[in-house]
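Before any comments, here is the structure.
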There are 2 protein chains.
Amino acid sequence: MPRPDTLPAWQQLFAHREVVGAGRTPSPHRTPGEPGWLRVSAGPLQADLSRHRIDVRGLELLCELAEQAGVQTRVQRMLRGDIVNPSEGRAALHSALRAPGGSADRPPLLLDGRDLRADIDAGIAAQARIAGEVRHGIWRLASGAPVRRIVNLGIGGSDLGPALALDALATQADGPACVCVSDLDPRALAAALAQCDPASTLFIICSKTFGTLETLANAAHARDWLRGAGLPETQLHRHFIAVTAAPERAAAWGVPTEQCLAFGEWVGGRYSLWSAVSLVLQIACGPQVLHSLHRGAHLIDMHFADAEPTTNLPLLMGLLGVWYRNVLGAQTQAVLPYAWPLRQLPAYLQQLEMESLGKRVDLDGQPVAWDTGGVIFGAAGSHAQHAFMQLLHQGTLLLPADIITFDESAALEPALNANALAQAQVLHTGGHVDAAPGAHGNLPGGQPVSLISSARLDAESLGALLACYEHKVFTQACVWHINPFDQWGVELGKQVARRLAG
Amino acid sequence: MPRPDTLPAWQQLFAHREVVGAGRTPSPHRTPGEPGWLRVSAGPLQADLSRHRIDVRGLELLCELAEQAGVQTRVQRMLRGDIVNPSEGRAALHSALRAPGGSADRPPLLLDGRDLRADIDAGIAAQARIAGEVRHGIWRLASGAPVRRIVNLGIGGSDLGPALALDALATQADGPACVCVSDLDPRALAAALAQCDPASTLFIICSKTFGTLETLANAAHARDWLRGAGLPETQLHRHFIAVTAAPERAAAWGVPTEQCLAFGEWVGGRYSLWSAVSLVLQIACGPQVLHSLHRGAHLIDMHFADAEPTTNLPLLMGLLGVWYRNVLGAQTQAVLPYAWPLRQLPAYLQQLEMESLGKRVDLDGQPVAWDTGGVIFGAAGSHAQHAFMQLLHQGTLLLPADIITFDESAALEPALNANALAQAQVLHTGGHVDAAPGAHGNLPGGQPVSLISSARLDAESLGALLACYEHKVFTQACVWHINPFDQWGVELGKQVARRLAG
């Protein structure tokens, strides 16, 4: 696979910059295509990408770039289980975890010559069994009580996915009350435990390595808290489930093997919502919700693998990301869900994009000579309008925004989607605030907007949305010729901290 | 006051860029000054600014820039109540709200020839009276019950300050349980109300104009909820307090004037934590906490007005912001508090900086020819390490970070501050991860870090921290020759949304 700066389309895109105008100047290309241009469907998602600083020729060049960078080849390699994470010598098979069991369209899953399907199916069954026992009061704690509260202990990918999904799908929760705690600061766990009764609280310890400082510190505090409540020491283990790729370390800590759900080394932390890390969601919302989440993501996996470039939503999102980052110099991207239950989506995507794409060495081990990942930030749209949208409207930065809406919101509060649409329109076309003196009321427009919508905020839409961003990130990684599945940069700080702490 | 591009120091700083190296290359200036260089005290805050990409000459030039831009003159104009917000024809007197009553060092406060001190003192007394009544069970609701729960309804500045302060100072709360709701999405309010009993719940409606769509929609839902519980209609008003600069509109909505706390037009929304918008905090934590919050901010006001440039913390933070934004091209700034109770600080600072500095027209009404505000983002540091710090360590972006610690955390969890310090060190000096293959383990360092600390996370430190960032923003606005106190750009979207909603 080639470096981007050796590809003809890469050079042509830089030359094409002059046509659409760099920086924050209003774009002359407001309606470059025929009606319906850049309106794309993908699974349950609809996207209107017509408010971008791109014209027909620019789009052609981006699709040529994807072709020349071999994105489709690399997608197939990822889906069939090749080692696409060479610096760690691993495959990246999160897509396989959400493919329907026993289905013909499930991609092959060969790892070291072995088809992992049976392992995946067994893992899903084990998770369903434990979730069912907890949900239905069969699982008994140390004192014989059923589970009323669950605290998920994890950080990074072991926290952001479950926390987002629990919030997003809260209206569908019918199991025990679940909360996620991640921070090393013990006040985070203390605040959660203040709402819990030791006799009826279960902890899920999520750690891929079962060596994560923050998570193990919280697990130790949790065990002390249970002990302090006088629960019988020999039964304390009933208050812990481990989700890990290192079950032997969990056993050494004190979680019996039969209370351990394993996941493979080939699932990256920031993709682990698709693994047994989703246990807390399954306990809160039941098996059908998890099934729908997987179905939504799988629909996007198939779309990404099969759709033509000009109608391939994750591919287009990734290519536009390259266009703004490399050619037009934008260092940031805003994500604005107009749905309060999705307020943690920007934090989830921050990890997904910034950890995957924050790289400076390419797949050949050479320093990159081009820009890679930018900063993702955002908030629920309603909140954002009263916080930082001023800068998008009247600042000097080119700052693309993804605005996410759900048709069903109109029934909840009609002004919600009206505001989302108004922001998209004003960011794009600009205008003038008459009450303001002179030029202080000018909004130049020209700010790029993707308007992404779905009928309902449900598990299927959430799964589709997350998979869409995953493949957007993968597309950018392909073009940039970097490995999106490692994260070596976070290791050194851990080593130094251990030394400093003595 | 002049445009920055006419100032000699501005030109010299651009020339000086070559000396320290642009972009993400390791800086040759790691220990440019003598020991203690760029270590600054301000009120309860200590700052170590020695890990910046600046040398002795660069710092001299930045201080000359402040001098040439007339920052000190403009500080004095702001503090004495001049019209420093010309596009709205207003003063910006938030500093006066936190100056101690009857003190000789309280700055004069002339507005239209009148000294506002008496008004401010009366406002503080009215707020204290209402807060005391609610805290001590004297305030009675419709059914005669005292207040057990409070829901603060506000958005933007009417929400972010109270929400941050309630979280940050939660351990000092001894009054009714308080929660903040801002989003137009009715699921936000519904989630809060699920924890409340109508008979014992009080709502504080915070809206400067008392015309904020989101806040009034939530207030209407709240009133319906109370009605639905069968509370006597004639006494429903006892469940509402208004905090507003438009008390007549609050009265028309149904909040009796004696249940209304007013604040002046000369307090911007994003500075309104210093006004009666702090009522919810005073109810939760008592008068002493509010007093300490004000004292901390006032200490920084005096420091900012009086300290020499080379030891003036907010001034230095603002000048470094200009250096990175304009000269070295950084579009973003990370804020990483290593304290879980401060996890909402990045969201608060997002509004403060991005709404204040997201401008493209200067004070003379001319389009700016230089970059203005960038993007602020961040998270609790422990969380950030497992989410997006990879990009700061190994990405291609120059991305300055503020790391905030508290000495007392060592007693809670020693590894917390060890991790903060380790991140600062690794961002600055870089290093190598031995487990990684070849160049994949290289961390180049050279990432700018401000390490800001205080002994304790208490009200005084919080007040100092917030005032420090306010004056940092003011410094940048002075250099950029823009008005940090208006926000015209947010108005057009509101108008278009009203039209779209029909």
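Every chain in the structure tokens has a letter given in the order shown (A, B, ...), and although residue numbers restart at 1 in each chain, ligands are simply numbered from 1 in the order shown.
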(message) Env of segment 138-145 of chain A: 12 Å cut, atoms = only C-alpha atoms, seq-sep filter 3 positions within chain, self excluded. Answer as a VMD selection string.
(response) chain A and resid 129 to 135 148 to 150 197 to 203 226 to 227 229 to 241 259 283
(request) Apply DSSP to the structure's backbone, then extract all residues of segment 97-330 of chain A labelled helix (DSSP H, G or I) and return them as a PyMOL selection string. (result) chain A and resi 97+117-135+157-168+170-172+186-193+198-200+213-228+233-239+247-253+257-259+269-274+276-285+287-306+309-311+313-327
Those same residues - C-alpha atoms - I'd like them written as a compact mmCIF listing (two decimals), in the first residue's frame.
```txt
# COMPACT_ATOMS: atom_id res chain seq x y z
CA LEU A 97 -18.51 -9.85 16.57
CA ARG A 117 -16.81 -18.27 14.54
CA ALA A 118 -17.35 -21.00 17.10
CA ASP A 119 -15.43 -19.02 19.74
CA ILE A 120 -17.48 -15.90 19.02
CA ASP A 121 -20.76 -17.79 19.21
CA ALA A 122 -19.69 -19.39 22.49
CA GLY A 123 -18.72 -16.01 23.91
CA ILE A 124 -22.07 -14.50 22.95
CA ALA A 125 -23.87 -17.44 24.56
CA ALA A 126 -21.86 -17.15 27.78
CA GLN A 127 -22.58 -13.43 27.97
CA ALA A 128 -26.30 -14.02 27.38
CA ARG A 129 -26.39 -16.66 30.11
CA ILE A 130 -24.77 -14.42 32.74
CA ALA A 131 -26.84 -11.39 31.71
CA GLY A 132 -30.02 -13.46 31.95
CA GLU A 133 -29.13 -14.79 35.40
CA VAL A 134 -28.48 -11.28 36.71
CA ARG A 135 -31.56 -9.77 35.05
CA GLY A 157 -12.88 1.64 25.65
CA SER A 158 -14.08 -0.38 28.63
CA ASP A 159 -16.07 2.63 29.79
CA LEU A 160 -16.97 4.99 26.94
CA GLY A 161 -19.00 2.50 24.91
CA PRO A 162 -21.08 1.11 27.78
CA ALA A 163 -21.57 4.59 29.27
CA LEU A 164 -22.74 6.00 25.93
CA ALA A 165 -25.05 3.08 25.18
CA LEU A 166 -26.60 3.04 28.67
CA ASP A 167 -27.42 6.74 28.30
CA ALA A 168 -28.58 6.54 24.71
CA ALA A 170 -31.98 4.49 28.86
CA THR A 171 -35.66 4.49 27.93
CA GLN A 172 -35.36 0.79 27.06
CA PRO A 186 -11.64 7.79 44.21
CA ARG A 187 -14.36 10.46 44.48
CA ALA A 188 -15.88 9.11 41.26
CA LEU A 189 -16.45 5.64 42.73
CA ALA A 190 -17.49 7.10 46.09
CA ALA A 191 -20.23 9.14 44.39
CA ALA A 192 -21.56 6.02 42.67
CA LEU A 193 -21.41 3.87 45.80
CA PRO A 198 -23.42 -3.37 49.32
CA ALA A 199 -25.67 -6.40 49.76
CA SER A 200 -27.30 -5.95 46.33
CA LEU A 213 -4.16 0.79 37.06
CA GLU A 214 -7.34 2.88 37.27
CA THR A 215 -9.74 -0.05 36.97
CA LEU A 216 -7.89 -2.28 39.42
CA ALA A 217 -7.66 0.59 41.94
CA ASN A 218 -11.43 0.99 41.74
CA ALA A 219 -11.98 -2.76 41.96
CA ALA A 220 -9.85 -2.85 45.13
CA HIS A 221 -11.87 0.02 46.62
CA ALA A 222 -15.08 -1.80 45.72
CA ARG A 223 -13.91 -4.97 47.46
CA ASP A 224 -12.94 -2.97 50.56
CA TRP A 225 -16.39 -1.37 50.54
CA LEU A 226 -18.07 -4.79 50.43
CA ARG A 227 -15.81 -6.05 53.22
CA GLY A 228 -16.59 -2.97 55.28
CA GLU A 233 -15.41 -13.05 52.79
CA THR A 234 -15.84 -16.50 51.24
CA GLN A 235 -18.75 -15.26 49.14
CA LEU A 236 -17.41 -11.83 48.15
CA HIS A 237 -16.45 -13.14 44.71
CA ARG A 238 -20.17 -13.34 43.86
CA HIS A 239 -20.09 -9.52 43.62
CA PRO A 247 -8.87 -14.44 32.45
CA GLU A 248 -5.97 -16.03 34.36
CA ARG A 249 -5.11 -12.62 35.82
CA ALA A 250 -8.75 -12.09 36.77
CA ALA A 251 -8.72 -15.47 38.51
CA ALA A 252 -5.58 -14.52 40.43
CA TRP A 253 -7.36 -11.35 41.56
CA THR A 257 -13.23 -18.50 35.92
CA GLU A 258 -16.94 -19.21 35.54
CA GLN A 259 -17.63 -15.53 36.34
CA GLY A 269 -10.09 -1.41 23.40
CA ARG A 270 -11.94 1.32 21.52
CA TYR A 271 -13.94 -1.33 19.61
CA SER A 272 -14.77 -3.37 22.66
CA LEU A 273 -18.43 -2.37 22.92
CA TRP A 274 -18.86 -5.17 20.36
CA ALA A 276 -18.41 -8.86 26.22
CA VAL A 277 -17.76 -5.28 27.41
CA SER A 278 -21.41 -4.81 26.41
CA LEU A 279 -22.45 -7.07 29.32
CA VAL A 280 -23.65 -4.13 31.42
CA LEU A 281 -25.85 -2.94 28.54
CA GLN A 282 -27.29 -6.41 28.06
CA ILE A 283 -28.10 -6.62 31.77
CA ALA A 284 -29.75 -3.19 31.74
CA CYS A 285 -31.71 -3.53 28.50
CA PRO A 287 -30.81 -9.40 24.77
CA GLN A 288 -33.02 -7.84 22.09
CA VAL A 289 -31.39 -4.42 22.49
CA LEU A 290 -27.92 -5.90 22.11
CA HIS A 291 -29.08 -7.84 19.09
CA SER A 292 -30.43 -4.63 17.48
CA LEU A 293 -27.22 -2.78 18.27
CA HIS A 294 -25.28 -5.49 16.47
CA ARG A 295 -27.71 -5.55 13.55
CA GLY A 296 -27.33 -1.79 13.03
CA ALA A 297 -23.55 -2.05 13.00
CA HIS A 298 -23.62 -5.10 10.72
CA LEU A 299 -25.80 -3.27 8.19
CA ILE A 300 -23.09 -0.61 8.00
CA ASP A 301 -20.32 -3.21 7.76
CA MET A 302 -22.04 -4.62 4.67
CA HIS A 303 -22.73 -1.15 3.28
CA PHE A 304 -19.09 -0.13 3.76
CA ALA A 305 -17.83 -3.30 2.10
CA ASP A 306 -20.22 -3.19 -0.84
CA PRO A 309 -17.81 5.08 -3.40
CA THR A 310 -20.23 7.92 -4.26
CA THR A 311 -22.98 6.40 -2.08
CA LEU A 313 -21.41 6.92 3.73
CA PRO A 314 -18.45 5.97 5.95
CA LEU A 315 -16.12 6.19 2.96
CA LEU A 316 -17.40 9.65 2.03
CA MET A 317 -17.18 10.83 5.64
CA GLY A 318 -13.58 9.64 5.80
CA LEU A 319 -12.65 11.20 2.45
CA LEU A 320 -14.20 14.52 3.47
CA GLY A 321 -12.19 14.24 6.67
CA VAL A 322 -9.01 13.92 4.59
CA TRP A 323 -10.07 16.85 2.41
CA TYR A 324 -10.57 19.19 5.35
CA ARG A 325 -7.63 17.98 7.40
CA ASN A 326 -4.97 17.77 4.72
CA VAL A 327 -6.05 20.03 1.92
```
(message) As an exercise, work out the distance from atom CA of Ala464 of chain A to atom CA of Ala334 of chain A in Å and give it to one decimal place.
(response) 19.1 Å
(request) Can you pull out every residue within 9 Å of Ala436 of chain A, counting only C-alpha atoms, but drop anything in the same chain fewer than 5 positions away, and send it as a PyMOL selection string? (result) (chain A and resi 441-442) or (chain B and resi 87-88+488)
(request) Please provide the set of residues having any atom within 10 Å of Leu500 of chain A, restricted to only C-alpha atoms, with same-chain residues fewer than 5 positions apart removed, written as a PyMOL selection string. (result) (chain A and resi 494-495) or (chain B and resi 414-415+417-419+421-422)
For the selection just defined, write its residues with N, CA, C and O atoms to a file, as a PDB file, in the first residue's frame.
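What landed in part-v1.pdb:
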```
ATOM      1  N   LYS A 494       2.478   5.923  31.431  1.00  0.00           N
ATOM      2  CA  LYS A 494       2.220   4.943  32.499  1.00  0.00           C
ATOM      3  C   LYS A 494       3.527   4.545  33.190  1.00  0.00           C
ATOM      4  O   LYS A 494       3.612   4.476  34.416  1.00  0.00           O
ATOM      5  N   GLN A 495       4.560   4.281  32.357  1.00  0.00           N
ATOM      6  CA  GLN A 495       5.863   3.887  32.927  1.00  0.00           C
ATOM      7  C   GLN A 495       6.428   4.989  33.822  1.00  0.00           C
ATOM      8  O   GLN A 495       6.867   4.733  34.937  1.00  0.00           O
TER       9      GLN A 495
ATOM     10  N   PRO B 414      -2.332   8.475  45.501  1.00  0.00           N
ATOM     11  CA  PRO B 414      -1.023   9.013  45.103  1.00  0.00           C
ATOM     12  C   PRO B 414      -0.769   8.948  43.604  1.00  0.00           C
ATOM     13  O   PRO B 414      -0.096   9.811  43.045  1.00  0.00           O
ATOM     14  N   ALA B 415      -1.320   7.927  42.939  1.00  0.00           N
ATOM     15  CA  ALA B 415      -1.024   7.776  41.511  1.00  0.00           C
ATOM     16  C   ALA B 415      -1.671   8.862  40.658  1.00  0.00           C
ATOM     17  O   ALA B 415      -1.310   9.036  39.492  1.00  0.00           O
ATOM     18  N   ASN B 417      -1.719  12.357  40.962  1.00  0.00           N
ATOM     19  CA  ASN B 417      -0.789  13.429  40.611  1.00  0.00           C
ATOM     20  C   ASN B 417       0.484  12.895  39.950  1.00  0.00           C
ATOM     21  O   ASN B 417       1.090  13.581  39.123  1.00  0.00           O
ATOM     22  N   ALA B 418       0.850  11.669  40.285  1.00  0.00           N
ATOM     23  CA  ALA B 418       2.006  11.065  39.601  1.00  0.00           C
ATOM     24  C   ALA B 418       1.711  10.943  38.107  1.00  0.00           C
ATOM     25  O   ALA B 418       2.570  11.208  37.263  1.00  0.00           O
ATOM     26  N   ASN B 419       0.482  10.568  37.776  1.00  0.00           N
ATOM     27  CA  ASN B 419       0.114  10.494  36.363  1.00  0.00           C
ATOM     28  C   ASN B 419       0.085  11.871  35.712  1.00  0.00           C
ATOM     29  O   ASN B 419       0.501  12.026  34.561  1.00  0.00           O
ATOM     30  N   LEU B 421       1.852  14.509  36.487  1.00  0.00           N
ATOM     31  CA  LEU B 421       3.229  14.956  36.303  1.00  0.00           C
ATOM     32  C   LEU B 421       3.914  14.155  35.194  1.00  0.00           C
ATOM     33  O   LEU B 421       4.674  14.705  34.386  1.00  0.00           O
ATOM     34  N   ALA B 422       3.623  12.868  35.139  1.00  0.00           N
ATOM     35  CA  ALA B 422       4.214  12.024  34.099  1.00  0.00           C
ATOM     36  C   ALA B 422       3.756  12.478  32.714  1.00  0.00           C
ATOM     37  O   ALA B 422       4.551  12.536  31.772  1.00  0.00           O
TER      38      ALA B 422
END
```
(message) If you run DSSP on the backbone here, which positions in segment 246-411 of chain B get strand (DSSP E or B)? Please write them as a count of residues only.
(response) 21
(request) Calculate how many Å separate atom CA of Gln351 of chain B from atom CA of Ala47 of chain B, rounding to one decimal. (result)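 Going from atom CA of Gln351 of chain B over to atom CA of Ala47 of chain B covers 22.9 Å.
With atom CA of Val496 of chain B on one side and atom CA of Gly378 of chain A on the other, the separation reads 21.7 Å.
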